[in-house]
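So this block is structure-v5.pdb, PDB, C-alpha atoms:
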```pdb
ATOM      1  CA  MET G 738     -35.116  23.249 -37.577
ATOM      2  CA  ASN G 739     -33.271  25.941 -35.607
ATOM      3  CA  PHE G 740     -32.524  25.094 -31.982
ATOM      4  CA  GLU G 741     -34.382  28.246 -30.865
ATOM      5  CA  ASN G 742     -37.633  27.025 -32.410
ATOM      6  CA  ILE G 743     -37.782  23.549 -30.878
ATOM      7  CA  ARG G 744     -40.727  22.961 -28.554
ATOM      8  CA  LEU G 745     -39.500  21.447 -25.299
ATOM      9  CA  GLU G 746     -41.904  19.012 -23.646
ATOM     10  CA  LYS G 747     -41.430  16.474 -20.881
ATOM     11  CA  GLU G 748     -42.478  13.739 -23.336
ATOM     12  CA  LEU G 749     -38.933  13.949 -24.738
ATOM     13  CA  TYR G 750     -37.878  11.986 -21.642
ATOM     14  CA  GLY G 751     -40.268   9.137 -22.399
ATOM     15  CA  ILE G 752     -39.157   8.027 -25.869
ATOM     16  CA  THR G 753     -38.259   4.328 -25.747
ATOM     17  CA  GLY G 754     -34.589   3.627 -26.400
ATOM     18  CA  LYS G 755     -33.587   7.291 -26.414
ATOM     19  CA  SER G 756     -32.193   9.547 -23.752
ATOM     20  CA  PHE G 757     -33.435  13.122 -23.537
ATOM     21  CA  THR G 758     -30.334  14.375 -25.363
ATOM     22  CA  LYS G 759     -30.686  11.788 -28.129
ATOM     23  CA  ALA G 760     -34.343  12.701 -28.587
ATOM     24  CA  LEU G 761     -33.385  16.356 -28.691
ATOM     25  CA  SER G 762     -30.535  15.670 -31.125
ATOM     26  CA  ALA G 763     -32.976  13.985 -33.505
ATOM     27  CA  LEU G 764     -34.793  17.325 -33.722
ATOM     28  CA  ASP G 765     -31.627  19.402 -33.717
ATOM     29  CA  PRO G 766     -28.690  17.397 -35.192
ATOM     30  CA  ASP G 767     -25.161  18.342 -34.141
ATOM     31  CA  GLU G 768     -23.912  18.209 -37.734
ATOM     32  CA  ASN G 769     -25.992  21.304 -38.551
ATOM     33  CA  TYR G 770     -23.545  23.381 -36.505
ATOM     34  CA  ILE G 771     -20.228  22.246 -37.968
ATOM     35  CA  GLY G 772     -18.181  25.322 -38.790
ATOM     36  CA  THR G 773     -20.367  27.626 -36.676
ATOM     37  CA  PRO G 774     -19.704  29.214 -33.246
ATOM     38  CA  LEU G 775     -22.009  26.537 -31.752
ATOM     39  CA  GLU G 776     -19.862  23.630 -32.949
ATOM     40  CA  GLY G 777     -18.826  21.550 -29.944
ATOM     41  CA  LEU G 778     -22.087  22.054 -28.071
ATOM     42  CA  ASP G 779     -24.582  19.198 -27.952
ATOM     43  CA  ALA G 780     -28.346  19.638 -28.306
ATOM     44  CA  PHE G 781     -28.862  20.084 -24.553
ATOM     45  CA  GLU G 782     -26.102  22.676 -24.260
ATOM     46  CA  ARG G 783     -27.596  24.618 -27.175
ATOM     47  CA  GLN G 784     -30.877  24.776 -25.279
ATOM     48  CA  LEU G 785     -29.085  26.169 -22.232
ATOM     49  CA  LYS G 786     -27.720  28.867 -24.511
ATOM     50  CA  ARG G 787     -31.177  29.486 -25.966
ATOM     51  CA  PHE G 788     -32.611  30.252 -22.528
ATOM     52  CA  ASP G 789     -29.414  31.979 -21.380
ATOM     53  CA  ILE G 790     -28.915  29.555 -18.473
ATOM     54  CA  LYS G 791     -25.333  29.689 -17.243
ATOM     55  CA  VAL G 792     -24.492  26.622 -15.147
ATOM     56  CA  SER G 793     -20.938  27.569 -14.104
ATOM     57  CA  GLY G 794     -18.462  30.419 -13.934
ATOM     58  CA  GLN G 795     -18.531  33.922 -12.533
ATOM     59  CA  ASP G 796     -21.953  34.719 -14.018
ATOM     60  CA  CYS G 797     -23.520  31.394 -13.005
ATOM     61  CA  ASP G 798     -27.304  31.635 -12.626
ATOM     62  CA  LYS G 799     -29.467  30.497  -9.734
ATOM     63  CA  VAL G 800     -31.517  27.302  -9.834
ATOM     64  CA  GLU G 801     -34.748  29.256 -10.302
ATOM     65  CA  LYS G 802     -33.531  30.330 -13.777
ATOM     66  CA  PHE G 803     -34.549  26.899 -15.050
ATOM     67  CA  PHE G 804     -38.151  27.547 -13.999
ATOM     68  CA  LEU G 805     -38.752  30.925 -15.627
ATOM     69  CA  THR G 806     -40.754  29.212 -18.397
ATOM     70  CA  THR G 807     -42.428  25.823 -18.759
ATOM     71  CA  GLU G 808     -40.052  24.977 -21.621
ATOM     72  CA  SER G 809     -36.826  25.888 -19.831
ATOM     73  CA  ALA G 810     -38.014  23.822 -16.832
ATOM     74  CA  VAL G 811     -37.863  20.744 -19.079
ATOM     75  CA  LEU G 812     -34.072  21.123 -19.122
ATOM     76  CA  PHE G 813     -33.721  20.741 -15.341
ATOM     77  CA  PRO G 814     -33.964  16.914 -15.087
ATOM     78  CA  GLU G 815     -31.252  16.512 -17.726
ATOM     79  CA  PHE G 816     -29.000  18.963 -15.888
ATOM     80  CA  VAL G 817     -29.546  16.940 -12.691
ATOM     81  CA  ARG G 818     -28.835  13.656 -14.501
ATOM     82  CA  ARG G 819     -25.631  14.999 -16.027
ATOM     83  CA  GLN G 820     -24.317  16.259 -12.720
ATOM     84  CA  ILE G 821     -25.062  12.943 -10.994
ATOM     85  CA  LYS G 822     -23.423  11.084 -13.874
ATOM     86  CA  LYS G 823     -20.378  13.343 -13.628
ATOM     87  CA  GLY G 824     -20.065  12.530  -9.937
ATOM     88  CA  MET G 825     -20.281   8.827 -10.725
ATOM     89  CA  ASP G 826     -17.646   9.041 -13.440
ATOM     90  CA  GLU G 827     -15.226  10.960 -11.216
ATOM     91  CA  THR G 828     -15.372   8.180  -8.593
ATOM     92  CA  SER G 829     -15.763   5.118 -10.802
ATOM     93  CA  ILE G 830     -13.098   2.437 -11.221
ATOM     94  CA  LEU G 831     -15.067   0.795 -14.042
ATOM     95  CA  PRO G 832     -13.131   2.482 -16.895
ATOM     96  CA  ASP G 833      -9.934   1.038 -15.388
ATOM     97  CA  ILE G 834     -11.160  -2.560 -15.448
ATOM     98  CA  ALA G 835     -13.728  -2.860 -18.247
ATOM     99  CA  ALA G 836     -12.650  -4.942 -21.217
ATOM    100  CA  ALA G 837     -16.151  -4.489 -22.646
ATOM    101  CA  THR G 838     -19.287  -2.575 -21.742
ATOM    102  CA  SER G 839     -22.744  -3.838 -22.738
ATOM    103  CA  TYR G 840     -26.164  -2.230 -22.504
ATOM    104  CA  ILE G 841     -29.196  -4.476 -22.189
ATOM    105  CA  ASP G 842     -32.919  -4.238 -21.591
ATOM    106  CA  GLY G 843     -33.367  -6.639 -18.692
ATOM    107  CA  VAL G 844     -32.376  -7.517 -15.134
ATOM    108  CA  ASP G 845     -30.033 -10.442 -15.841
ATOM    109  CA  TYR G 846     -27.496 -11.375 -18.487
ATOM    110  CA  ARG G 847     -25.744 -14.520 -19.712
ATOM    111  CA  ALA G 848     -22.175 -13.408 -20.253
ATOM    112  CA  LEU G 849     -19.482 -15.204 -22.250
ATOM    113  CA  VAL G 850     -16.773 -17.149 -20.415
ATOM    114  CA  MET G 851     -13.397 -17.760 -22.064
ATOM    115  CA  THR G 852     -11.245 -20.774 -21.158
ATOM    116  CA  GLU G 853      -7.747 -21.312 -22.562
ATOM    117  CA  SER G 854      -5.896 -24.618 -22.479
ATOM    118  CA  GLY G 855      -2.844 -26.304 -23.959
ATOM    119  CA  SER G 856       0.508 -25.103 -25.227
ATOM    120  CA  ASN G 857       0.772 -23.097 -28.444
ATOM    121  CA  THR G 858       3.662 -25.303 -29.560
ATOM    122  CA  VAL G 859       2.221 -28.193 -31.540
ATOM    123  CA  ALA G 860       4.117 -31.261 -32.687
ATOM    124  CA  GLU G 861       3.469 -32.713 -36.112
ATOM    125  CA  GLY G 862       0.136 -34.495 -35.987
ATOM    126  CA  GLY G 863      -0.447 -33.201 -32.467
ATOM    127  CA  THR G 864      -3.676 -31.881 -31.007
ATOM    128  CA  LEU G 865      -4.225 -28.177 -31.395
ATOM    129  CA  PRO G 866      -4.635 -26.187 -28.179
ATOM    130  CA  SER G 867      -7.970 -24.451 -27.854
ATOM    131  CA  THR G 868      -9.623 -21.354 -26.543
ATOM    132  CA  THR G 869     -13.199 -22.178 -25.645
ATOM    133  CA  VAL G 870     -15.934 -19.566 -25.408
ATOM    134  CA  THR G 871     -19.196 -20.596 -23.764
ATOM    135  CA  LEU G 872     -22.166 -18.983 -22.091
ATOM    136  CA  ALA G 873     -21.793 -18.653 -18.340
ATOM    137  CA  SER G 874     -23.543 -21.458 -16.438
ATOM    138  CA  THR G 875     -25.437 -18.869 -14.397
ATOM    139  CA  ALA G 876     -26.768 -15.484 -15.386
ATOM    140  CA  THR G 877     -25.250 -12.306 -14.013
ATOM    141  CA  ARG G 878     -28.024 -10.617 -12.106
ATOM    142  CA  LEU G 879     -27.931  -6.857 -12.343
ATOM    143  CA  SER G 880     -28.021  -4.839  -9.132
ATOM    144  CA  LYS G 881     -29.934  -1.606  -8.700
ATOM    145  CA  PHE G 882     -28.165   1.150  -6.812
ATOM    146  CA  ALA G 883     -30.215   4.185  -5.887
ATOM    147  CA  ARG G 884     -30.098   7.228  -3.687
ATOM    148  CA  LYS G 885     -32.191  10.337  -3.106
ATOM    149  CA  LEU G 886     -31.375  13.922  -2.270
ATOM    150  CA  SER G 887     -33.986  15.453   0.013
ATOM    151  CA  CYS G 888     -34.596  19.101  -0.734
ATOM    152  CA  THR G 889     -37.397  21.501  -1.584
ATOM    153  CA  TYR G 890     -37.532  23.975  -4.396
ATOM    154  CA  GLU G 891     -37.745  26.763  -1.830
ATOM    155  CA  SER G 892     -34.459  25.667  -0.234
ATOM    156  CA  VAL G 893     -32.449  25.550  -3.458
ATOM    157  CA  ARG G 894     -34.063  28.029  -5.837
ATOM    158  CA  LYS G 895     -31.792  30.924  -4.770
ATOM    159  CA  GLN G 896     -28.639  28.767  -4.820
ATOM    160  CA  ARG G 897     -26.165  29.148  -7.652
ATOM    161  CA  ILE G 898     -26.529  26.276 -10.116
ATOM    162  CA  GLU G 899     -22.836  25.454  -9.863
ATOM    163  CA  ALA G 900     -23.043  25.157  -6.063
ATOM    164  CA  PHE G 901     -26.126  22.934  -6.298
ATOM    165  CA  GLY G 902     -24.186  20.739  -8.707
ATOM    166  CA  ILE G 903     -21.762  19.894  -5.886
ATOM    167  CA  ALA G 904     -24.554  18.108  -3.997
ATOM    168  CA  LEU G 905     -25.665  16.296  -7.149
ATOM    169  CA  ARG G 906     -22.144  15.090  -7.941
ATOM    170  CA  ALA G 907     -21.746  13.902  -4.353
ATOM    171  CA  LEU G 908     -24.946  11.900  -4.812
ATOM    172  CA  GLY G 909     -23.464  10.295  -7.910
ATOM    173  CA  ALA G 910     -20.206   9.546  -6.111
ATOM    174  CA  GLN G 911     -22.074   7.633  -3.394
ATOM    175  CA  ILE G 912     -23.799   5.446  -5.990
ATOM    176  CA  SER G 913     -20.512   4.906  -7.807
ATOM    177  CA  LYS G 914     -18.859   3.597  -4.635
ATOM    178  CA  SER G 915     -21.449   0.808  -4.513
ATOM    179  CA  CYS G 916     -20.799   0.013  -8.182
ATOM    180  CA  ASN G 917     -17.068  -0.166  -7.435
ATOM    181  CA  GLU G 918     -17.694  -2.550  -4.545
ATOM    182  CA  LEU G 919     -19.784  -4.785  -6.788
ATOM    183  CA  ALA G 920     -17.029  -4.827  -9.407
ATOM    184  CA  ALA G 921     -14.269  -5.747  -6.956
ATOM    185  CA  SER G 922     -16.285  -8.492  -5.254
ATOM    186  CA  SER G 923     -17.570  -9.954  -8.537
ATOM    187  CA  LEU G 924     -14.093 -10.221 -10.035
ATOM    188  CA  ALA G 925     -12.483 -11.684  -6.911
ATOM    189  CA  SER G 926     -15.295 -14.138  -6.121
ATOM    190  CA  GLY G 927     -14.143 -17.759  -6.240
ATOM    191  CA  ILE G 928     -10.483 -16.879  -6.936
ATOM    192  CA  THR G 929      -8.057 -18.711  -4.614
ATOM    193  CA  PRO G 930      -5.778 -16.025  -3.155
ATOM    194  CA  THR G 931      -2.028 -16.161  -2.666
ATOM    195  CA  THR G 932      -0.351 -14.672   0.401
ATOM    196  CA  ILE G 933       2.609 -12.426   1.090
ATOM    197  CA  ALA G 934       5.897 -14.078   2.105
ATOM    198  CA  GLY G 935       6.481 -12.204   5.357
ATOM    199  CA  ASN G 936       4.300 -10.438   7.872
ATOM    200  CA  THR G 937       4.156  -7.138   6.008
ATOM    201  CA  LEU G 938       3.773  -6.303   2.344
ATOM    202  CA  ALA G 939       7.091  -6.013   0.508
ATOM    203  CA  TYR G 940       7.999  -4.938  -3.002
ATOM    204  CA  SER G 941       9.058  -8.516  -3.752
ATOM    205  CA  ASP G 942       5.485  -9.662  -2.939
ATOM    206  CA  LEU G 943       4.080  -7.258  -5.512
ATOM    207  CA  ALA G 944       6.586  -8.322  -8.139
ATOM    208  CA  ALA G 945       5.884 -12.014  -7.527
ATOM    209  CA  PHE G 946       2.143 -11.375  -7.612
ATOM    210  CA  TRP G 947       2.449  -9.587 -10.940
ATOM    211  CA  ALA G 948       4.618 -12.388 -12.360
ATOM    212  CA  SER G 949       2.148 -15.066 -11.190
ATOM    213  CA  MET G 950      -0.294 -14.076 -13.928
ATOM    214  CA  THR G 951       1.298 -16.187 -16.650
ATOM    215  CA  ASP G 952      -1.645 -16.510 -19.063
ATOM    216  CA  ALA G 953      -2.495 -12.809 -19.102
ATOM    217  CA  ASN G 954      -0.851  -9.456 -18.480
ATOM    218  CA  MET G 955      -1.679  -7.876 -15.131
ATOM    219  CA  ASP G 956      -1.947  -4.138 -15.772
ATOM    220  CA  VAL G 957      -4.237  -3.031 -12.904
ATOM    221  CA  MET G 958      -4.185  -3.675  -9.156
ATOM    222  CA  LEU G 959      -7.214  -2.756  -7.058
ATOM    223  CA  CYS G 960      -6.296  -2.062  -3.447
ATOM    224  CA  SER G 961      -7.666  -0.327  -0.372
ATOM    225  CA  PRO G 962      -6.420   3.168   0.541
ATOM    226  CA  ALA G 963      -4.299   1.743   3.380
ATOM    227  CA  VAL G 964      -2.684  -0.895   1.166
ATOM    228  CA  MET G 965      -2.133   1.633  -1.589
ATOM    229  CA  ALA G 966      -0.442   3.958   0.905
ATOM    230  CA  ALA G 967       1.811   1.092   2.019
ATOM    231  CA  ILE G 968       2.777   0.406  -1.592
ATOM    232  CA  LEU G 969       3.494   4.069  -2.311
ATOM    233  CA  ALA G 970       5.690   4.195   0.801
ATOM    234  CA  LEU G 971       7.915   1.381  -0.493
ATOM    235  CA  ASP G 972      11.405   2.578  -1.331
ATOM    236  CA  GLU G 973      11.196   1.166  -4.861
ATOM    237  CA  MET G 974       8.200   3.386  -5.699
ATOM    238  CA  LYS G 975      10.286   6.561  -5.447
ATOM    239  CA  TYR G 976      11.429   5.916  -8.999
ATOM    240  CA  VAL G 977       7.932   6.523 -10.385
ATOM    241  CA  VAL G 978       7.014   9.639  -8.401
ATOM    242  CA  SER G 979       7.759  11.881 -11.388
ATOM    243  CA  ASP G 980       5.304   9.877 -13.514
ATOM    244  CA  TYR G 981       2.609  10.386 -10.881
ATOM    245  CA  MET G 982       3.270  14.127 -10.851
ATOM    246  CA  LYS G 983       2.764  14.239 -14.625
ATOM    247  CA  THR G 984      -0.285  11.992 -15.001
ATOM    248  CA  GLY G 985      -1.947  11.711 -11.588
ATOM    249  CA  ARG G 986      -1.755   7.930 -11.929
ATOM    250  CA  ALA G 987       0.166   5.688  -9.535
ATOM    251  CA  VAL G 988       2.022   3.126 -11.636
ATOM    252  CA  THR G 989       4.537   0.526 -10.451
ATOM    253  CA  PRO G 990       7.987   0.353 -12.093
ATOM    254  CA  TYR G 991       6.772  -2.639 -14.117
ATOM    255  CA  GLY G 992       3.760  -0.785 -15.499
ATOM    256  CA  VAL G 993       0.826  -1.789 -13.273
ATOM    257  CA  THR G 994      -1.664   0.975 -12.464
ATOM    258  CA  LEU G 995      -2.722   1.123  -8.809
ATOM    259  CA  VAL G 996      -6.429   1.918  -8.383
ATOM    260  CA  LYS G 997      -7.821   2.875  -4.983
ATOM    261  CA  CYS G 998     -10.849   0.798  -3.995
ATOM    262  CA  PRO G 999     -12.093   1.455  -0.409
ATOM    263  CA  SER G1000     -14.398  -1.593  -0.418
ATOM    264  CA  LEU G1001     -11.296  -3.818  -0.119
ATOM    265  CA  ALA G1002     -10.347  -2.260   3.234
ATOM    266  CA  ALA G1003     -11.900  -5.033   5.333
ATOM    267  CA  SER G1004     -10.038  -7.873   3.596
ATOM    268  CA  GLY G1005      -6.813  -6.045   2.781
ATOM    269  CA  ASP G1006      -6.737  -7.971  -0.506
ATOM    270  CA  ILE G1007      -5.187  -6.767  -3.728
ATOM    271  CA  VAL G1008      -7.087  -7.754  -6.876
ATOM    272  CA  GLY G1009      -4.813  -7.997  -9.905
ATOM    273  CA  ILE G1010      -6.491  -7.669 -13.300
ATOM    274  CA  ASP G1011      -5.716  -7.879 -16.975
ATOM    275  CA  SER G1012      -8.060  -5.096 -18.003
ATOM    276  CA  THR G1013      -8.148  -6.273 -21.624
ATOM    277  CA  LYS G1014     -10.032  -9.484 -20.886
ATOM    278  CA  ALA G1015     -11.086  -9.747 -17.244
ATOM    279  CA  ALA G1016     -14.434  -7.997 -16.982
ATOM    280  CA  GLU G1017     -17.577  -7.156 -18.887
ATOM    281  CA  ILE G1018     -19.630  -4.335 -17.375
ATOM    282  CA  ILE G1019     -23.360  -4.647 -18.051
ATOM    283  CA  PHE G1020     -25.738  -1.714 -17.753
ATOM    284  CA  GLY G1021     -29.469  -2.327 -17.584
ATOM    285  CA  SER G1022     -30.004   1.414 -17.523
ATOM    286  CA  ASP G1023     -28.127   4.661 -17.648
ATOM    287  CA  VAL G1024     -28.507   7.048 -14.723
ATOM    288  CA  VAL G1025     -32.262   7.452 -14.232
ATOM    289  CA  VAL G1026     -33.869  10.377 -12.420
ATOM    290  CA  ASP G1027     -37.510  10.897 -11.475
ATOM    291  CA  THR G1028     -38.409  13.377 -14.202
ATOM    292  CA  ASP G1029     -42.011  14.017 -13.154
ATOM    293  CA  SER G1030     -41.116  15.194  -9.656
ATOM    294  CA  LEU G1031     -38.282  17.362 -10.943
ATOM    295  CA  LEU G1032     -40.619  19.200 -13.288
ATOM    296  CA  SER G1033     -42.690  20.313 -10.316
ATOM    297  CA  THR G1034     -41.301  23.310  -8.460
ATOM    298  CA  GLN G1035     -42.596  21.743  -5.251
ATOM    299  CA  ASN G1036     -40.436  18.606  -5.509
ATOM    300  CA  ARG G1037     -39.165  17.403  -2.119
ATOM    301  CA  GLU G1038     -36.530  14.938  -3.256
ATOM    302  CA  ILE G1039     -34.333  14.011  -6.203
ATOM    303  CA  ALA G1040     -34.271  10.252  -6.718
ATOM    304  CA  CYS G1041     -31.794   8.561  -9.045
ATOM    305  CA  SER G1042     -30.749   5.003  -9.796
ATOM    306  CA  VAL G1043     -28.613   2.830 -12.052
ATOM    307  CA  LEU G1044     -28.858  -0.873 -12.939
ATOM    308  CA  ILE G1045     -25.500  -2.618 -13.314
ATOM    309  CA  GLY G1046     -23.803  -6.020 -13.333
ATOM    310  CA  VAL G1047     -20.191  -7.240 -13.598
ATOM    311  CA  ALA G1048     -19.215 -10.515 -15.269
ATOM    312  CA  ARG G1049     -15.771 -12.137 -15.169
ATOM    313  CA  VAL G1050     -14.905 -13.173 -18.715
ATOM    314  CA  SER G1051     -11.597 -14.969 -18.101
ATOM    315  CA  ASN G1052     -10.578 -16.586 -14.819
ATOM    316  CA  ASN G1053      -6.939 -16.419 -15.916
ATOM    317  CA  ALA G1054      -7.151 -12.613 -16.038
ATOM    318  CA  VAL G1055      -7.815 -12.142 -12.297
ATOM    319  CA  LYS G1056      -5.554 -12.857  -9.293
ATOM    320  CA  VAL G1057      -5.956 -12.074  -5.592
ATOM    321  CA  LEU G1058      -3.184 -11.376  -3.075
ATOM    322  CA  LYS G1059      -3.887 -11.382   0.663
ATOM    323  CA  THR G1060      -1.786  -8.757   2.432
ATOM    324  CA  VAL G1061      -2.970  -9.712   5.933
ATOM    325  CA  LYS G1062      -2.127 -13.098   7.425
TER     326      LYS G1062
END
```

Using structure tokens, write down the structure from this file.
Amino acid sequence: MNFENIRLEKELYGITGKSFTKALSALDPDENYIGTPLEGLDAFERQLKRFDIKVSGQDCDKVEKFFLTTESAVLFPEFVRRQIKKGMDETSILPDIAAATSYIDGVDYRALVMTESGSNTVAEGGTLPSTTVTLASTATRLSKFARKLSCTYESVRKQRIEAFGIALRALGAQISKSCNELAASSLASGITPTTIAGNTLAYSDLAAFWASMTDANMDVMLCSPAVMAAILALDEMKYVVSDYMKTGRAVTPYGVTLVKCPSLAASGDIVGIDSTKAAEIIFGSDVVVDTDSLLSTQNREIACSVLIGVARVSNNAVKVLKTVK
């Protein structure tokens, strides 16, 4: 079936276990376009091309372009969802800390917990050391984070789509900040913190903190903007400035990536993580938008939500340093 002949209906949003794009891709598979000028576009993007809706650039259309036909209007909720998701991704720290990501159909989840004990050196006839994997004693309850953008069709219909996307991405960024806060608090919960040696944070404190993780490899430090600024101001960090200029990532001389996490501002704590085995991120849903209201040109708000949980897989893979005495 050619992408120009597909009938777009809002029921494509209601197929169990499939996103709108997946449902659309089932009707219009990407592999049909390998070796053609449309290769690299997904099923949704091909529909934008079909209706000549330009969402960015010099010739960007206005929001009302989506609503010229009943079929093109069906594309609007997916555009909104993608922009919100983009805003979330741009702000999220989850890719920096997730050892695994799971998707479930529920509101709670029994994660695995890994416990390591004993030395790997075994004498003849000695007891073998063990790594024990069990179900967590309590379920990780997923949290719902939601936000709405209040607007009317009349107020946005003459706005360029690209400009409207700014507001949608900002909406996603706000939700992502709450997800980041959940991640930081979930990982640090119950971990006994260490403290800095003096009254102010020194490079030696960071080095000792990194070295204190003996059963894992600390490769990420979550810290508040103020603490991160203090670290970047340390004389020793001048040796990695060129790396930051190349990659946009702040990395200590011993290879730990610094990740800014504003939710840690109140405590001033630094959360050190081995990102290969510290956290499992659980999604009970992808970004969800209220499709029915968006398909009405009289909609007064855009509501979106996400269901998420964070489980600590290995206690040995998380450390906390208090920078304020």

Legend entry - Best match for closeness to G:Val1025 among G:Ile830, G:Ile898, G:Ala883, G:Leu812, counting only C-alpha atoms: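 Closest to G:Val1025, using only C-alpha atoms: G:Ala883.
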
Using only C-alpha atoms, which protein or nucleic acid residues come within 10 Å of G:Ser922? Drop anything in the same chain fewer than 2 positions from it, and give the result as an mmCIF file with C-alpha atoms, in the frame of the given file.
```cif
data_model
loop_
_atom_site.group_PDB
_atom_site.id
_atom_site.type_symbol
_atom_site.label_atom_id
_atom_site.label_comp_id
_atom_site.auth_asym_id
_atom_site.auth_seq_id
_atom_site.Cartn_x
_atom_site.Cartn_y
_atom_site.Cartn_z
ATOM 1 C CA ASN G 917 -17.068 -0.166 -7.435
ATOM 2 C CA GLU G 918 -17.694 -2.550 -4.545
ATOM 3 C CA LEU G 919 -19.784 -4.785 -6.788
ATOM 4 C CA ALA G 920 -17.029 -4.827 -9.407
ATOM 5 C CA LEU G 924 -14.093 -10.221 -10.035
ATOM 6 C CA ALA G 925 -12.483 -11.684 -6.911
ATOM 7 C CA SER G 926 -15.295 -14.138 -6.121
ATOM 8 C CA GLY G 927 -14.143 -17.759 -6.240
ATOM 9 C CA SER G 1000 -14.398 -1.593 -0.418
ATOM 10 C CA LEU G 1001 -11.296 -3.818 -0.119
ATOM 11 C CA VAL G 1008 -7.087 -7.754 -6.876
ATOM 12 C CA VAL G 1047 -20.191 -7.240 -13.598
#
```

Inset, instruction - Please provide as a list of chain:residue names all residues within 12 Å of G:Pro774, with the sequence filter that same-chain residues fewer than 5 positions apart are discarded (counting only C-alpha atoms). - result: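 The contact residues come out as G:Asn769, G:Arg783, G:Lys786.
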
Write the residues of the preceding selection, restricted to C-alpha atoms, as a PDB file, in the coordinates of the input.
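And here's selection-v9.pdb as it stands now:
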```pdb
ATOM      1  CA  ASN G 769     -25.992  21.304 -38.551  1.00  0.00           C
ATOM      2  CA  ARG G 783     -27.596  24.618 -27.175  1.00  0.00           C
ATOM      3  CA  LYS G 786     -27.720  28.867 -24.511  1.00  0.00           C
TER       4      LYS G 786
END
```

Inset, instruction - Considering all atoms listed in the file, return as number ranges by chain whatever protein or nucleic-acid residues lie within 10 Å of G:Lys823, sequence-local ones (same chain, fewer than 4 positions apart) excluded. - result: G: 817-819, 827-829, 902, 905-907, 909-910

Could you turn the residues from that selection into a file that holds C-alpha atoms, as a short mmCIF file (atom, residue, chain, number, x, y, z; two decimals), keeping the file's coordinate frame?
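Just written: result10.cif:
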```
data_model
loop_
_atom_site.label_atom_id
_atom_site.label_comp_id
_atom_site.auth_asym_id
_atom_site.auth_seq_id
_atom_site.Cartn_x
_atom_site.Cartn_y
_atom_site.Cartn_z
CA VAL G 817 -29.55 16.94 -12.69
CA ARG G 818 -28.84 13.66 -14.50
CA ARG G 819 -25.63 15.00 -16.03
CA GLU G 827 -15.23 10.96 -11.22
CA THR G 828 -15.37 8.18 -8.59
CA SER G 829 -15.76 5.12 -10.80
CA GLY G 902 -24.19 20.74 -8.71
CA LEU G 905 -25.66 16.30 -7.15
CA ARG G 906 -22.14 15.09 -7.94
CA ALA G 907 -21.75 13.90 -4.35
CA GLY G 909 -23.46 10.30 -7.91
CA ALA G 910 -20.21 9.55 -6.11
#
```

Excluding same-chain residues fewer than 2 positions from G:Val988, what lies within 12 Å of it counting all atoms listed in the file, as a PDB file with C-alpha atoms, in the coordinates of the input?
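The result, stored in around_28.pdb:
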```
ATOM      1  CA  ASP G 956      -1.947  -4.138 -15.772  1.00  0.00           C
ATOM      2  CA  VAL G 957      -4.237  -3.031 -12.904  1.00  0.00           C
ATOM      3  CA  MET G 958      -4.185  -3.675  -9.156  1.00  0.00           C
ATOM      4  CA  LEU G 959      -7.214  -2.756  -7.058  1.00  0.00           C
ATOM      5  CA  MET G 965      -2.133   1.633  -1.589  1.00  0.00           C
ATOM      6  CA  ILE G 968       2.777   0.406  -1.592  1.00  0.00           C
ATOM      7  CA  LEU G 969       3.494   4.069  -2.311  1.00  0.00           C
ATOM      8  CA  GLU G 973      11.196   1.166  -4.861  1.00  0.00           C
ATOM      9  CA  MET G 974       8.200   3.386  -5.699  1.00  0.00           C
ATOM     10  CA  LYS G 975      10.286   6.561  -5.447  1.00  0.00           C
ATOM     11  CA  TYR G 976      11.429   5.916  -8.999  1.00  0.00           C
ATOM     12  CA  VAL G 977       7.932   6.523 -10.385  1.00  0.00           C
ATOM     13  CA  VAL G 978       7.014   9.639  -8.401  1.00  0.00           C
ATOM     14  CA  SER G 979       7.759  11.881 -11.388  1.00  0.00           C
ATOM     15  CA  ASP G 980       5.304   9.877 -13.514  1.00  0.00           C
ATOM     16  CA  TYR G 981       2.609  10.386 -10.881  1.00  0.00           C
ATOM     17  CA  MET G 982       3.270  14.127 -10.851  1.00  0.00           C
ATOM     18  CA  LYS G 983       2.764  14.239 -14.625  1.00  0.00           C
ATOM     19  CA  THR G 984      -0.285  11.992 -15.001  1.00  0.00           C
ATOM     20  CA  GLY G 985      -1.947  11.711 -11.588  1.00  0.00           C
ATOM     21  CA  ARG G 986      -1.755   7.930 -11.929  1.00  0.00           C
ATOM     22  CA  PRO G 990       7.987   0.353 -12.093  1.00  0.00           C
ATOM     23  CA  TYR G 991       6.772  -2.639 -14.117  1.00  0.00           C
ATOM     24  CA  GLY G 992       3.760  -0.785 -15.499  1.00  0.00           C
ATOM     25  CA  VAL G 993       0.826  -1.789 -13.273  1.00  0.00           C
ATOM     26  CA  THR G 994      -1.664   0.975 -12.464  1.00  0.00           C
ATOM     27  CA  LEU G 995      -2.722   1.123  -8.809  1.00  0.00           C
ATOM     28  CA  VAL G 996      -6.429   1.918  -8.383  1.00  0.00           C
ATOM     29  CA  LYS G 997      -7.821   2.875  -4.983  1.00  0.00           C
TER      30      LYS G 997
END
```

Inset, instruction - Any chance you could resolve the PyMOL selection byres ((chain G and resi 882) around 6) against this file and give the residues as a ChimeraX atom specification? - result: /G:881,883,1042-1043

Legend entry - Protein, DNA and RNA residues within 8 Å of (-33.5, -0.7, -18.9), only C-alpha atoms, as a list in words: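 Residues satisfying the cut-off, written out: Ile841, Asp842, Gly843, Val844, Phe1020, Gly1021, Ser1022, Asp1023 and Leu1044 of chain G.
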
Legend entry - Shortest interatomic distance to G:Arg894 - which of G:Ala780, G:Val870, G:Asn739, G:Val800, counting all atoms listed in the file: G:Val800

Legend entry - Gap from atom CA of G:Leu872 to atom CA of G:Asp1011 - Å, one decimal: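 Between atom CA of G:Leu872 and atom CA of G:Asp1011 the gap is 20.5 Å.
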